[in-house]
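Student: Sharing a structure here in structure tokens format.
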Amino acid sequence: MNPFQFTRVTTPKAAISAVTKEKGTYFLAGGTNLIDLMKREVVIPERLVDINKLPLATIEKTVTGLRIGATAKNSAVADNELVKKYFPLLSQALNAGASAQLRNMATVGGNMMQRTRCAYFYDNSMPCNKRSPVQTGGAAGSTERFRADKGQANGPTGCGAIGGFNRMHAIFGASEKCIAVHPSDMCIALVALDATVNVSGPKGDRKIPFGEFHRLPGDKPQQDNTLQPGELIMSVDLPTNRFSDNSHYLKVRDRASYAFALVSVGVALDMKGNTIRDVRLAMGGVAHKPWRLTKAEDFLRGKPATEANFKQAAALAMQGAKGYGENDFKLTLAPNSIIDALKTATKTA
Amino acid sequence: MADNERKGNGFDNDNSPRRIFLKKSSALAAWALTPTVAMTVVDNGLHEKVALAVEQMPLWLTINGKAQQLSIEPRVTLLDLLREQLHLTGTKKGCDHGQCGACTVHVDGQRVNSCLTLAMTTEGCTVTTIEGLADGGPTGTLHPMQEAFIKQDGFQCGYCTPGQIMSAVACIREGHANTPEEVREYMSGNICRCGAYANIVDAIMDVKKGGAKV
């Protein structure tokens, strides 16, 4: 690992100030992704600002729902009684991710900030626009290794996954620059549950709807999210809902546990008898951001929970999907997973 | 004398003789060892960073019941601190990327991957390794989980075993060892390439059913 400076902070203000002061400075929370990226020299920080001692680990009831602090550990959130009772989808999604050890380390904010697991992104000898974006002075497609900027990695530009090994990659919203997927399970639940992200930065505080926190790659795949420089995630708000009896997180992966999703589906419903009063649907492993299925939701609202309706909803959800070769199987796996998750959540399986 | 410098004037003083010496000597050492790499390093101004690399920071923590006052580089992981500096080699380095669980230790009672934990982030924490699991330390009586692993033959080569045992103890303490299925799910962060999984699950269920204090 490359050497770096290390700063401990005890207030969010000091953290924001420290990370704004100097280029190549990163917040360090659980470190489960960042330390790994540093060992592989995909990220080369000049300085780490340790935010683990900030008082941001609380999980508390609010007037409108639940507020989860940014440094609350994934395991603490998954095992929290309020989360289990009122937001079981979130608990299930968290427990579907990583291992018990990693969940004890990883934080809510860090989980949102984790980078894609695209193999090209992690390999400095392979082309990747996310890791090594085209900069002034570095020609596109160049195989010459260059150090783009402080805190950024070396490596050639381009997208190795397009036309390469892309079994794990996106079928929605990809661009010619990047077809990587967002890796989190937790975020699939949070986008389905209409969470809001509270951030604080050098220009003050603001709220970001969860669906607008992560972004599609477009021509800036190096940007995973819409945070501005120096902004720190403070907490995530969840509004109350009537989904607790009919929630399910389905994760399809290469082994029974401890693997990233090929496809995952988060579904939460408010049922009256067999009628779907309200529904939230989101998918993981299919796009550069947690993928909300609003067309399918709109179709299902007010309809009875039948396999025929689920199939039609899945077909609507798959509009615009595109395979890249090795991941063509997701075009079948994804709709089948949607139907399966809906059946389980409505107890009609 | 080295200790005095670490605690005192050696830290933020750019002009300290030690700092200048280290800058020169580390750059020279790099040059002598691998000339081509050293050229790149000097071109990028990285000799500055090589010097910073040996900059030490103070760290206080408790390991296996013993308070420790240490001086480490910020980039040292808890795993490397335990193994290289404190010679607690019971904790194993497998993948070094959080994928195998061989490095599992307890920090403030929670099982974590020590390979992805920067030691600096454990300031003031209580760390327990396999050496500190049994009453009376390595020479004392074995922990019930260690006994159960022997009884159930929960290993072949033994390399993953310290991590398996630390994880297994935490699994029971967390309340996630109620059925073999639950054990398999909550032990999935510990890989055993010999494939002793069936016996590991048996060992954990033995301890759980036996009701021994873990």
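Every chain in the structure tokens takes a letter, A first, then B, and so on in the order presented; its residues are numbered from 1, and the ligands are numbered from 1 following the presented order.
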So that each row is one residue of chain B with an atom at most 9 Å from chain A, can you give its shortest atom pair and the distance in Å to one decimal, using only C-alpha atoms, rows by chain and rising number, as JSON lines?

Tutor:
```
{"residue": "B:Lys49", "atom": "CA", "partner": "A:Pro3", "partner_atom": "CA", "distance": 6.4}
{"residue": "B:Val50", "atom": "CA", "partner": "A:Pro3", "partner_atom": "CA", "distance": 7.2}
{"residue": "B:Leu52", "atom": "CA", "partner": "A:Pro3", "partner_atom": "CA", "distance": 6.9}
{"residue": "B:Ala53", "atom": "CA", "partner": "A:Pro3", "partner_atom": "CA", "distance": 5.0}
{"residue": "B:Val54", "atom": "CA", "partner": "A:Pro3", "partner_atom": "CA", "distance": 8.5}
{"residue": "B:Met57", "atom": "CA", "partner": "A:Phe6", "partner_atom": "CA", "distance": 8.8}
{"residue": "B:Glu73", "atom": "CA", "partner": "A:Pro3", "partner_atom": "CA", "distance": 8.2}
{"residue": "B:Pro74", "atom": "CA", "partner": "A:Phe6", "partner_atom": "CA", "distance": 6.1}
{"residue": "B:Arg75", "atom": "CA", "partner": "A:Pro3", "partner_atom": "CA", "distance": 6.1}
{"residue": "B:Val76", "atom": "CA", "partner": "A:Met1", "partner_atom": "CA", "distance": 8.7}
{"residue": "B:Asp96", "atom": "CA", "partner": "A:Asp36", "partner_atom": "CA", "distance": 8.5}
{"residue": "B:His97", "atom": "CA", "partner": "A:Asp36", "partner_atom": "CA", "distance": 5.8}
{"residue": "B:Gly98", "atom": "CA", "partner": "A:Thr32", "partner_atom": "CA", "distance": 7.4}
{"residue": "B:Gln99", "atom": "CA", "partner": "A:Ser99", "partner_atom": "CA", "distance": 8.8}
{"residue": "B:Gly101", "atom": "CA", "partner": "A:Gln101", "partner_atom": "CA", "distance": 7.9}
{"residue": "B:Thr104", "atom": "CA", "partner": "A:Gln101", "partner_atom": "CA", "distance": 7.5}
{"residue": "B:Gln110", "atom": "CA", "partner": "A:Asn104", "partner_atom": "CA", "distance": 6.6}
{"residue": "B:Arg111", "atom": "CA", "partner": "A:Gln101", "partner_atom": "CA", "distance": 5.3}
{"residue": "B:Val112", "atom": "CA", "partner": "A:Gln101", "partner_atom": "CA", "distance": 4.4}
{"residue": "B:Asn113", "atom": "CA", "partner": "A:Gln101", "partner_atom": "CA", "distance": 6.0}
{"residue": "B:Cys115", "atom": "CA", "partner": "A:Ile35", "partner_atom": "CA", "distance": 8.8}
{"residue": "B:Leu116", "atom": "CA", "partner": "A:Thr32", "partner_atom": "CA", "distance": 5.7}
{"residue": "B:Thr117", "atom": "CA", "partner": "A:Gly31", "partner_atom": "CA", "distance": 6.7}
{"residue": "B:Leu118", "atom": "CA", "partner": "A:Gly31", "partner_atom": "CA", "distance": 7.9}
{"residue": "B:Met120", "atom": "CA", "partner": "A:Phe6", "partner_atom": "CA", "distance": 8.3}
{"residue": "B:Thr121", "atom": "CA", "partner": "A:Asp50", "partner_atom": "CA", "distance": 7.1}
{"residue": "B:Ser167", "atom": "CA", "partner": "A:Gln101", "partner_atom": "CA", "distance": 7.9}
{"residue": "B:Cys171", "atom": "CA", "partner": "A:Ala100", "partner_atom": "CA", "distance": 8.4}
{"residue": "B:Arg184", "atom": "CA", "partner": "A:Ser257", "partner_atom": "CA", "distance": 8.7}
{"residue": "B:Glu185", "atom": "CA", "partner": "A:Ser257", "partner_atom": "CA", "distance": 6.4}
{"residue": "B:Tyr186", "atom": "CA", "partner": "A:Ala100", "partner_atom": "CA", "distance": 5.9}
{"residue": "B:Met187", "atom": "CA", "partner": "A:Ala100", "partner_atom": "CA", "distance": 7.3}
{"residue": "B:Ser188", "atom": "CA", "partner": "A:Tyr258", "partner_atom": "CA", "distance": 6.1}
{"residue": "B:Gly189", "atom": "CA", "partner": "A:Ser99", "partner_atom": "CA", "distance": 4.7}
{"residue": "B:Asn190", "atom": "CA", "partner": "A:Ser99", "partner_atom": "CA", "distance": 8.4}
```

Student: Keeping C-alpha atoms, export the residues of the selection given above as a compact mmCIF listing (two decimals), in the first residue's frame.

Tutor:
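File produced: out.txt:
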```txt
# COMPACT_ATOMS: atom_id res chain seq x y z
CA LYS B 49 6.37 9.83 0.04
CA VAL B 50 8.92 7.11 0.70
CA LEU B 52 6.77 9.92 4.83
CA ALA B 53 6.18 6.20 4.78
CA VAL B 54 8.42 5.65 7.75
CA MET B 57 2.12 7.68 14.67
CA GLU B 73 2.89 3.75 10.13
CA PRO B 74 -0.68 4.79 9.26
CA ARG B 75 -0.80 2.29 6.40
CA VAL B 76 -0.23 -0.74 8.65
CA ASP B 96 -5.34 -10.05 2.37
CA HIS B 97 -8.44 -8.62 0.65
CA GLY B 98 -11.32 -9.50 2.97
CA GLN B 99 -12.45 -12.49 0.98
CA GLY B 101 -11.71 -14.74 6.73
CA THR B 104 -10.69 -12.77 11.63
CA GLN B 110 -17.13 -7.80 17.11
CA ARG B 111 -15.57 -10.14 14.57
CA VAL B 112 -13.82 -8.25 11.76
CA ASN B 113 -11.35 -8.88 8.93
CA CYS B 115 -6.58 -7.36 6.84
CA LEU B 116 -8.99 -4.56 5.88
CA THR B 117 -8.75 -2.79 9.25
CA LEU B 118 -6.19 -0.03 9.46
CA MET B 120 -4.88 3.32 13.42
CA THR B 121 -8.67 3.02 13.43
CA SER B 167 -15.71 -16.32 13.75
CA CYS B 171 -21.42 -16.45 15.65
CA ARG B 184 -23.58 -22.00 7.38
CA GLU B 185 -24.95 -18.59 6.39
CA TYR B 186 -23.24 -16.68 9.20
CA MET B 187 -19.93 -18.53 8.75
CA SER B 188 -19.82 -17.86 4.98
CA GLY B 189 -17.09 -15.27 5.46
CA ASN B 190 -14.61 -18.00 6.41
```

Student: So which residues touch stretch 280-295 of chain A within 8 Å, counting only C-alpha atoms, skipping near sequence neighbours fewer than 2 positions away, as a ChimeraX atom specification?

Tutor: /A:168-174,179-185,187-189,191-193,211,214-217,224,260-269,278,297-299,313,316-317

Student: With N, CA and C atoms retained, write the just-selected residues as a CSV table (one decimal), in the first residue's frame.

Tutor:
```csv
chain,number,residue,atom,x,y,z
A,168,MET,N,-21.0,-10.2,-15.3
A,168,MET,CA,-21.6,-9.5,-14.2
A,168,MET,C,-22.2,-8.1,-14.5
A,169,HIS,N,-22.2,-7.7,-15.7
A,169,HIS,CA,-22.4,-6.3,-16.1
A,169,HIS,C,-23.9,-5.9,-16.3
A,170,ALA,N,-24.0,-4.6,-16.6
A,170,ALA,CA,-25.3,-3.9,-16.7
A,170,ALA,C,-26.1,-4.3,-17.9
A,171,ILE,N,-27.4,-4.3,-17.7
A,171,ILE,CA,-28.4,-4.5,-18.9
A,171,ILE,C,-29.2,-3.3,-19.0
A,172,PHE,N,-29.2,-2.3,-18.0
A,172,PHE,CA,-29.9,-1.1,-18.1
A,172,PHE,C,-29.0,0.1,-18.0
A,173,GLY,N,-29.3,1.2,-18.7
A,173,GLY,CA,-28.7,2.5,-18.5
A,173,GLY,C,-27.2,2.6,-18.7
A,174,ALA,N,-26.6,1.6,-19.3
A,174,ALA,CA,-25.1,1.7,-19.5
A,174,ALA,C,-24.8,2.7,-20.6
A,179,ILE,N,-20.0,-0.1,-18.6
A,179,ILE,CA,-21.2,-1.0,-18.4
A,179,ILE,C,-21.2,-1.7,-17.0
A,180,ALA,N,-20.4,-1.0,-16.1
A,180,ALA,CA,-20.3,-1.6,-14.8
A,180,ALA,C,-21.6,-1.5,-14.0
A,181,VAL,N,-21.8,-2.3,-13.0
A,181,VAL,CA,-23.0,-2.2,-12.1
A,181,VAL,C,-22.6,-1.8,-10.7
A,182,HIS,N,-23.6,-1.1,-10.1
A,182,HIS,CA,-23.5,-0.8,-8.7
A,182,HIS,C,-23.6,-2.1,-7.8
A,183,PRO,N,-22.7,-2.3,-6.8
A,183,PRO,CA,-22.7,-3.6,-6.2
A,183,PRO,C,-23.5,-3.8,-4.9
A,184,SER,N,-24.1,-2.7,-4.4
A,184,SER,CA,-24.7,-2.8,-3.0
A,184,SER,C,-26.1,-3.5,-3.0
A,185,ASP,N,-26.3,-4.3,-2.0
A,185,ASP,CA,-27.7,-4.8,-1.7
A,185,ASP,C,-28.5,-3.8,-0.9
A,187,CYS,N,-28.5,-0.6,-0.8
A,187,CYS,CA,-29.0,0.5,-1.6
A,187,CYS,C,-30.3,0.1,-2.4
A,188,ILE,N,-30.4,-1.1,-2.8
A,188,ILE,CA,-31.6,-1.6,-3.5
A,188,ILE,C,-32.8,-1.4,-2.6
A,189,ALA,N,-32.7,-1.8,-1.3
A,189,ALA,CA,-33.8,-1.6,-0.4
A,189,ALA,C,-34.0,-0.1,-0.1
A,191,VAL,N,-33.5,2.5,-2.1
A,191,VAL,CA,-34.2,3.2,-3.2
A,191,VAL,C,-35.6,2.7,-3.3
A,192,ALA,N,-35.9,1.5,-3.0
A,192,ALA,CA,-37.3,1.0,-3.0
A,192,ALA,C,-38.1,1.7,-1.9
A,193,LEU,N,-37.5,1.9,-0.8
A,193,LEU,CA,-38.2,2.4,0.4
A,193,LEU,C,-38.2,4.0,0.4
A,211,GLY,N,-33.0,8.0,-5.0
A,211,GLY,CA,-32.9,7.7,-6.4
A,211,GLY,C,-32.0,8.6,-7.2
A,214,HIS,N,-27.2,8.0,-6.6
A,214,HIS,CA,-26.2,7.4,-7.6
A,214,HIS,C,-26.6,7.8,-9.0
A,215,ARG,N,-25.7,7.7,-9.9
A,215,ARG,CA,-26.0,8.2,-11.3
A,215,ARG,C,-25.6,7.2,-12.3
A,216,LEU,N,-26.1,7.4,-13.5
A,216,LEU,CA,-25.7,6.5,-14.6
A,216,LEU,C,-24.4,7.0,-15.2
A,217,PRO,N,-23.7,6.1,-15.8
A,217,PRO,CA,-22.3,6.4,-16.2
A,217,PRO,C,-22.2,7.5,-17.2
A,224,ASP,N,-19.6,8.1,-9.5
A,224,ASP,CA,-20.6,7.1,-9.1
A,224,ASP,C,-21.9,7.8,-8.6
A,260,PHE,N,-21.5,-11.4,-4.8
A,260,PHE,CA,-22.2,-10.2,-5.4
A,260,PHE,C,-23.4,-10.8,-6.2
A,261,ALA,N,-24.4,-9.9,-6.4
A,261,ALA,CA,-25.6,-10.4,-7.1
A,261,ALA,C,-25.4,-10.4,-8.6
A,262,LEU,N,-25.9,-11.5,-9.2
A,262,LEU,CA,-26.0,-11.5,-10.6
A,262,LEU,C,-27.2,-10.6,-10.9
A,263,VAL,N,-28.3,-10.9,-10.2
A,263,VAL,CA,-29.5,-10.1,-10.3
A,263,VAL,C,-30.1,-10.1,-8.9
A,264,SER,N,-30.6,-9.0,-8.4
A,264,SER,CA,-31.4,-9.0,-7.1
A,264,SER,C,-32.6,-8.2,-7.3
A,265,VAL,N,-33.7,-8.5,-6.5
A,265,VAL,CA,-34.9,-7.8,-6.6
A,265,VAL,C,-35.4,-7.5,-5.2
A,266,GLY,N,-35.7,-6.2,-4.9
A,266,GLY,CA,-36.3,-5.8,-3.7
A,266,GLY,C,-37.7,-5.4,-3.9
A,267,VAL,N,-38.6,-6.1,-3.2
A,267,VAL,CA,-40.0,-5.8,-3.4
A,267,VAL,C,-40.7,-5.5,-2.0
A,268,ALA,N,-41.6,-4.5,-2.0
A,268,ALA,CA,-42.3,-4.2,-0.8
A,268,ALA,C,-43.7,-3.8,-1.2
A,269,LEU,N,-44.7,-4.5,-0.6
A,269,LEU,CA,-46.1,-4.2,-1.0
A,269,LEU,C,-47.0,-3.9,0.2
A,278,ASP,N,-50.4,-0.8,-2.8
A,278,ASP,CA,-49.2,0.0,-3.2
A,278,ASP,C,-48.0,-0.9,-3.3
A,297,GLU,N,-44.3,-0.8,-11.1
A,297,GLU,CA,-45.0,-0.4,-9.9
A,297,GLU,C,-46.4,0.2,-10.4
A,298,ASP,N,-46.3,1.1,-11.3
A,298,ASP,CA,-47.6,1.8,-11.8
A,298,ASP,C,-48.6,0.8,-12.3
A,299,PHE,N,-48.0,-0.2,-13.0
A,299,PHE,CA,-48.9,-1.2,-13.6
A,299,PHE,C,-49.6,-2.1,-12.5
A,313,ALA,N,-46.0,-7.1,-15.4
A,313,ALA,CA,-45.1,-6.1,-14.8
A,313,ALA,C,-43.7,-6.3,-15.1
A,316,LEU,N,-42.8,-5.2,-18.5
A,316,LEU,CA,-42.7,-3.7,-18.5
A,316,LEU,C,-41.4,-3.3,-18.0
A,317,ALA,N,-41.0,-3.9,-16.9
A,317,ALA,CA,-39.7,-3.6,-16.3
A,317,ALA,C,-38.5,-3.8,-17.2
```

Student: Among stretch 73-316 of chain A, which residues carry a DSSP assignment of helix (DSSP H, G or I), reported as a VMD selection string?

Tutor: chain A and resid 74 to 78 81 to 86 88 to 96 100 to 105 108 to 113 119 to 122 186 to 192 210 to 212 294 to 300 307 to 316

Student: List the neighbours of B:Asp80 out to 10 Å using only C-alpha atoms; skip same-chain residues closer than 3 positions along the sequence, and give me the result as a ChimeraX atom specification.

Tutor: /B:75-77,83-89,91-93,96,103,114-115,117-119

Student: If you keep N, CA and C atoms, can you produce a file of those selected residues as a tab-separated table (two decimals), in the first residue's frame?

Tutor:
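Saved result, part-v1.tsv, follows:
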```
chain	number	residue	atom	x	y	z
B	75	ARG	N	-0.32	3.25	7.39
B	75	ARG	CA	-0.80	2.29	6.40
B	75	ARG	C	-0.76	0.84	6.90
B	76	VAL	N	-0.32	0.63	8.13
B	76	VAL	CA	-0.23	-0.74	8.65
B	76	VAL	C	-1.62	-1.25	9.02
B	77	THR	N	-1.95	-2.42	8.50
B	77	THR	CA	-3.25	-3.00	8.87
B	77	THR	C	-3.12	-3.67	10.24
B	83	ARG	N	0.90	-9.55	13.36
B	83	ARG	CA	1.85	-10.58	12.92
B	83	ARG	C	3.30	-10.10	12.89
B	84	GLU	N	3.50	-8.93	12.28
B	84	GLU	CA	4.87	-8.49	12.03
B	84	GLU	C	5.49	-7.76	13.21
B	85	GLN	N	4.68	-6.96	13.90
B	85	GLN	CA	5.25	-6.14	14.97
B	85	GLN	C	5.11	-6.81	16.33
B	86	LEU	N	3.98	-7.47	16.56
B	86	LEU	CA	3.74	-8.07	17.88
B	86	LEU	C	3.97	-9.58	17.88
B	87	HIS	N	4.26	-10.14	16.71
B	87	HIS	CA	4.57	-11.56	16.58
B	87	HIS	C	3.46	-12.47	17.08
B	88	LEU	N	2.21	-11.96	16.97
B	88	LEU	CA	1.06	-12.80	17.28
B	88	LEU	C	0.64	-13.46	15.95
B	89	THR	N	1.34	-14.53	15.60
B	89	THR	CA	1.18	-15.11	14.26
B	89	THR	C	0.06	-16.13	14.18
B	91	THR	N	-3.06	-15.33	14.08
B	91	THR	CA	-3.96	-14.74	13.09
B	91	THR	C	-3.29	-14.84	11.73
B	92	LYS	N	-3.99	-15.44	10.76
B	92	LYS	CA	-3.35	-15.76	9.48
B	92	LYS	C	-3.67	-14.76	8.39
B	93	LYS	N	-2.72	-14.60	7.48
B	93	LYS	CA	-2.97	-13.82	6.27
B	93	LYS	C	-3.27	-14.78	5.12
B	96	ASP	N	-5.69	-11.44	2.07
B	96	ASP	CA	-5.34	-10.05	2.37
B	96	ASP	C	-6.30	-9.04	1.72
B	103	CYS	N	-8.06	-14.00	8.63
B	103	CYS	CA	-7.51	-12.96	9.50
B	103	CYS	C	-8.50	-12.49	10.55
B	114	SER	N	-9.17	-8.45	9.94
B	114	SER	CA	-8.09	-7.55	10.35
B	114	SER	C	-7.26	-7.08	9.16
B	115	CYS	N	-7.36	-7.77	8.02
B	115	CYS	CA	-6.58	-7.36	6.84
B	115	CYS	C	-7.12	-6.09	6.22
B	117	THR	N	-8.64	-3.74	8.15
B	117	THR	CA	-8.75	-2.79	9.25
B	117	THR	C	-7.43	-2.07	9.40
B	118	LEU	N	-7.41	-0.77	9.17
B	118	LEU	CA	-6.19	-0.03	9.46
B	118	LEU	C	-6.01	-0.01	10.97
B	119	ALA	N	-4.81	-0.37	11.44
B	119	ALA	CA	-4.57	-0.43	12.88
B	119	ALA	C	-4.90	0.90	13.55
```

Student: Set the distance at 12 Å and use only C-alpha atoms: which residues neighbour stretch 149-159 of chain B once local chain neighbours fewer than 2 positions away are removed? I'd like the list as a PyMOL selection string.

Tutor: chain B and resi 89-95+100-103+142-147+161-166+168-169+190-207

Student: Keeping N, CA and C atoms, export the residues of the selection given above as a compact mmCIF listing (two decimals), in the first residue's frame.

Tutor:
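Printed below is result18.txt as written:
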```txt
# COMPACT_ATOMS: atom_id res chain seq x y z
N THR B 89 1.34 -14.53 15.60
CA THR B 89 1.18 -15.11 14.26
C THR B 89 0.06 -16.13 14.18
N GLY B 90 -0.73 -16.25 15.26
CA GLY B 90 -1.89 -17.14 15.21
C GLY B 90 -2.91 -16.64 14.19
N THR B 91 -3.06 -15.33 14.08
CA THR B 91 -3.96 -14.74 13.09
C THR B 91 -3.29 -14.84 11.73
N LYS B 92 -3.99 -15.44 10.76
CA LYS B 92 -3.35 -15.76 9.48
C LYS B 92 -3.67 -14.76 8.39
N LYS B 93 -2.72 -14.60 7.48
CA LYS B 93 -2.97 -13.82 6.27
C LYS B 93 -3.27 -14.78 5.12
N GLY B 94 -4.50 -14.74 4.64
CA GLY B 94 -4.88 -15.59 3.52
C GLY B 94 -4.88 -14.77 2.25
N CYS B 95 -6.02 -14.16 1.93
CA CYS B 95 -6.13 -13.40 0.69
C CYS B 95 -5.64 -11.97 0.85
N CYS B 100 -11.46 -14.13 2.54
CA CYS B 100 -11.29 -15.51 3.02
C CYS B 100 -11.55 -15.69 4.51
N GLY B 101 -11.40 -14.64 5.31
CA GLY B 101 -11.71 -14.74 6.73
C GLY B 101 -10.61 -15.32 7.60
N ALA B 102 -9.46 -15.69 7.02
CA ALA B 102 -8.37 -16.27 7.82
C ALA B 102 -7.85 -15.29 8.87
N CYS B 103 -8.06 -14.00 8.63
CA CYS B 103 -7.51 -12.96 9.50
C CYS B 103 -8.50 -12.49 10.55
N LEU B 142 -7.83 -24.98 26.87
CA LEU B 142 -8.41 -24.57 25.58
C LEU B 142 -9.82 -24.02 25.76
N HIS B 143 -10.19 -23.13 24.88
CA HIS B 143 -11.55 -22.61 24.82
C HIS B 143 -12.46 -23.74 24.33
N PRO B 144 -13.73 -23.76 24.80
CA PRO B 144 -14.65 -24.83 24.37
C PRO B 144 -14.73 -24.99 22.85
N MET B 145 -14.61 -23.88 22.13
CA MET B 145 -14.67 -23.97 20.66
C MET B 145 -13.42 -24.66 20.11
N GLN B 146 -12.28 -24.40 20.72
CA GLN B 146 -11.04 -25.07 20.29
C GLN B 146 -11.16 -26.58 20.55
N GLU B 147 -11.70 -26.94 21.73
CA GLU B 147 -11.92 -28.35 22.06
C GLU B 147 -12.84 -29.00 21.04
N THR B 161 -8.09 -22.21 10.43
CA THR B 161 -8.71 -22.55 11.71
C THR B 161 -8.78 -21.39 12.72
N PRO B 162 -7.70 -20.61 12.93
CA PRO B 162 -7.83 -19.51 13.88
C PRO B 162 -8.97 -18.56 13.50
N GLY B 163 -9.08 -18.25 12.21
CA GLY B 163 -10.17 -17.38 11.74
C GLY B 163 -11.51 -18.04 11.91
N GLN B 164 -11.58 -19.33 11.60
CA GLN B 164 -12.85 -20.07 11.77
C GLN B 164 -13.29 -20.03 13.22
N ILE B 165 -12.35 -20.27 14.14
CA ILE B 165 -12.70 -20.34 15.56
C ILE B 165 -13.12 -18.97 16.09
N MET B 166 -12.40 -17.91 15.70
CA MET B 166 -12.79 -16.57 16.16
C MET B 166 -14.17 -16.21 15.62
N ALA B 168 -16.50 -18.41 14.71
CA ALA B 168 -17.47 -19.32 15.31
C ALA B 168 -17.90 -18.84 16.69
N VAL B 169 -16.95 -18.39 17.48
CA VAL B 169 -17.27 -17.88 18.82
C VAL B 169 -18.20 -16.67 18.70
N ASN B 190 -15.83 -17.23 6.12
CA ASN B 190 -14.61 -18.00 6.41
C ASN B 190 -14.49 -19.16 5.44
N ILE B 191 -13.52 -19.05 4.56
CA ILE B 191 -13.34 -20.08 3.53
C ILE B 191 -12.36 -21.15 4.04
N CYS B 192 -12.70 -22.41 3.78
CA CYS B 192 -11.80 -23.52 4.13
C CYS B 192 -11.53 -24.30 2.84
N ARG B 193 -10.28 -24.19 2.35
CA ARG B 193 -9.98 -24.84 1.07
C ARG B 193 -9.84 -26.35 1.21
N CYS B 194 -9.64 -26.84 2.45
CA CYS B 194 -9.63 -28.29 2.64
C CYS B 194 -11.05 -28.85 2.60
N GLY B 195 -12.02 -27.98 2.82
CA GLY B 195 -13.40 -28.43 2.79
C GLY B 195 -13.86 -29.12 4.06
N ALA B 196 -13.44 -28.59 5.20
CA ALA B 196 -13.84 -29.19 6.48
C ALA B 196 -15.17 -28.63 6.98
N TYR B 197 -15.92 -28.01 6.07
CA TYR B 197 -17.13 -27.29 6.48
C TYR B 197 -18.09 -28.12 7.32
N ALA B 198 -18.36 -29.35 6.90
CA ALA B 198 -19.36 -30.16 7.61
C ALA B 198 -18.94 -30.33 9.07
N ASN B 199 -17.66 -30.58 9.29
CA ASN B 199 -17.18 -30.79 10.65
C ASN B 199 -17.12 -29.48 11.45
N ILE B 200 -16.87 -28.38 10.73
CA ILE B 200 -16.87 -27.08 11.41
C ILE B 200 -18.28 -26.76 11.92
N VAL B 201 -19.29 -27.02 11.07
CA VAL B 201 -20.67 -26.79 11.50
C VAL B 201 -21.00 -27.69 12.70
N ASP B 202 -20.56 -28.94 12.64
CA ASP B 202 -20.79 -29.86 13.78
C ASP B 202 -20.14 -29.32 15.05
N ALA B 203 -18.93 -28.81 14.93
CA ALA B 203 -18.23 -28.29 16.11
C ALA B 203 -18.99 -27.13 16.73
N ILE B 204 -19.46 -26.23 15.87
CA ILE B 204 -20.18 -25.05 16.37
C ILE B 204 -21.51 -25.47 17.02
N MET B 205 -22.21 -26.40 16.37
CA MET B 205 -23.49 -26.86 16.94
C MET B 205 -23.26 -27.59 18.26
N ASP B 206 -22.15 -28.32 18.37
CA ASP B 206 -21.78 -28.99 19.63
C ASP B 206 -21.66 -27.99 20.76
N VAL B 207 -20.91 -26.92 20.49
CA VAL B 207 -20.69 -25.91 21.54
C VAL B 207 -22.00 -25.22 21.88
```

Student: May I have the residues within 9 Å of A:Gly69 as a list in words, using only C-alpha atoms and disregarding those fewer than 2 positions away in the same chain?

Tutor: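 Contacts, in chain order: Pro55, Leu56, Ala57, Thr58, Ile59, Glu60, Arg67, Thr71, Ala72, Thr107, Val108, Gly109, Ile233, Met234, Ser235, Val236 and Asp237 of chain A.
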
Student: Leaving out A:Arg167 and any residue of its chain fewer than 4 positions from it, which residues lie within 10 Å of it when counting only C-alpha atoms, given as JSON, numbers by chain?

Tutor: {"A": [118, 161, 262, 323, 324, 325, 326, 327, 328, 329, 330]}

Student: In Å, rounded to a single decimal, give me how far atom CA of B:Cys160 is from atom CA of B:Ile63.

Tutor: 20.8 Å

Student: Can you tell me, as a PyMOL selection string, what residues are no more than 6 Å from stretch 331-341 of chain A when counting only C-alpha atoms, ignoring any on the same chain fewer than 2 positions away?

Tutor: chain A and resi 250+310+314+328-329+343-344

Student: Those selected residues, please, written with N, CA and C atoms and delivered as a compact mmCIF listing (two decimals), in the first residue's frame.

Tutor:
```txt
# COMPACT_ATOMS: atom_id res chain seq x y z
N LEU A 250 -34.80 -10.75 -2.91
CA LEU A 250 -34.32 -11.96 -3.59
C LEU A 250 -32.97 -11.66 -4.22
N PHE A 310 -48.01 -10.32 -12.61
CA PHE A 310 -46.57 -10.26 -12.30
C PHE A 310 -45.75 -10.37 -13.59
N ALA A 314 -43.24 -7.62 -15.06
CA ALA A 314 -41.84 -7.94 -15.35
C ALA A 314 -41.48 -7.55 -16.78
N ASP A 328 -26.06 -11.83 -21.39
CA ASP A 328 -27.38 -11.95 -22.03
C ASP A 328 -28.36 -12.77 -21.18
N PHE A 329 -27.80 -13.69 -20.38
CA PHE A 329 -28.68 -14.51 -19.54
C PHE A 329 -29.50 -13.68 -18.56
N LYS A 343 -44.08 -13.09 -6.11
CA LYS A 343 -44.85 -14.24 -5.59
C LYS A 343 -44.53 -14.45 -4.11
N THR A 344 -43.25 -14.42 -3.77
CA THR A 344 -42.87 -14.64 -2.38
C THR A 344 -43.43 -13.54 -1.47
```

Student: So the first atom is atom CA of A:Thr306 and the second is atom CA of A:Ala345; what is the distance between them in Å, to one decimal place?

Tutor: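 Separation of atom CA of A:Thr306 and atom CA of A:Ala345: 12.1 Å.
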
Student: If you run DSSP over the backbone, which residues in stretch 38-215 of chain A end up strand (DSSP E or B)? Put them as a ChimeraX atom specification.

Tutor: /A:43-44,47-50,59-61,65-69,73,107,128,151-152,159,196-201,204-209,214
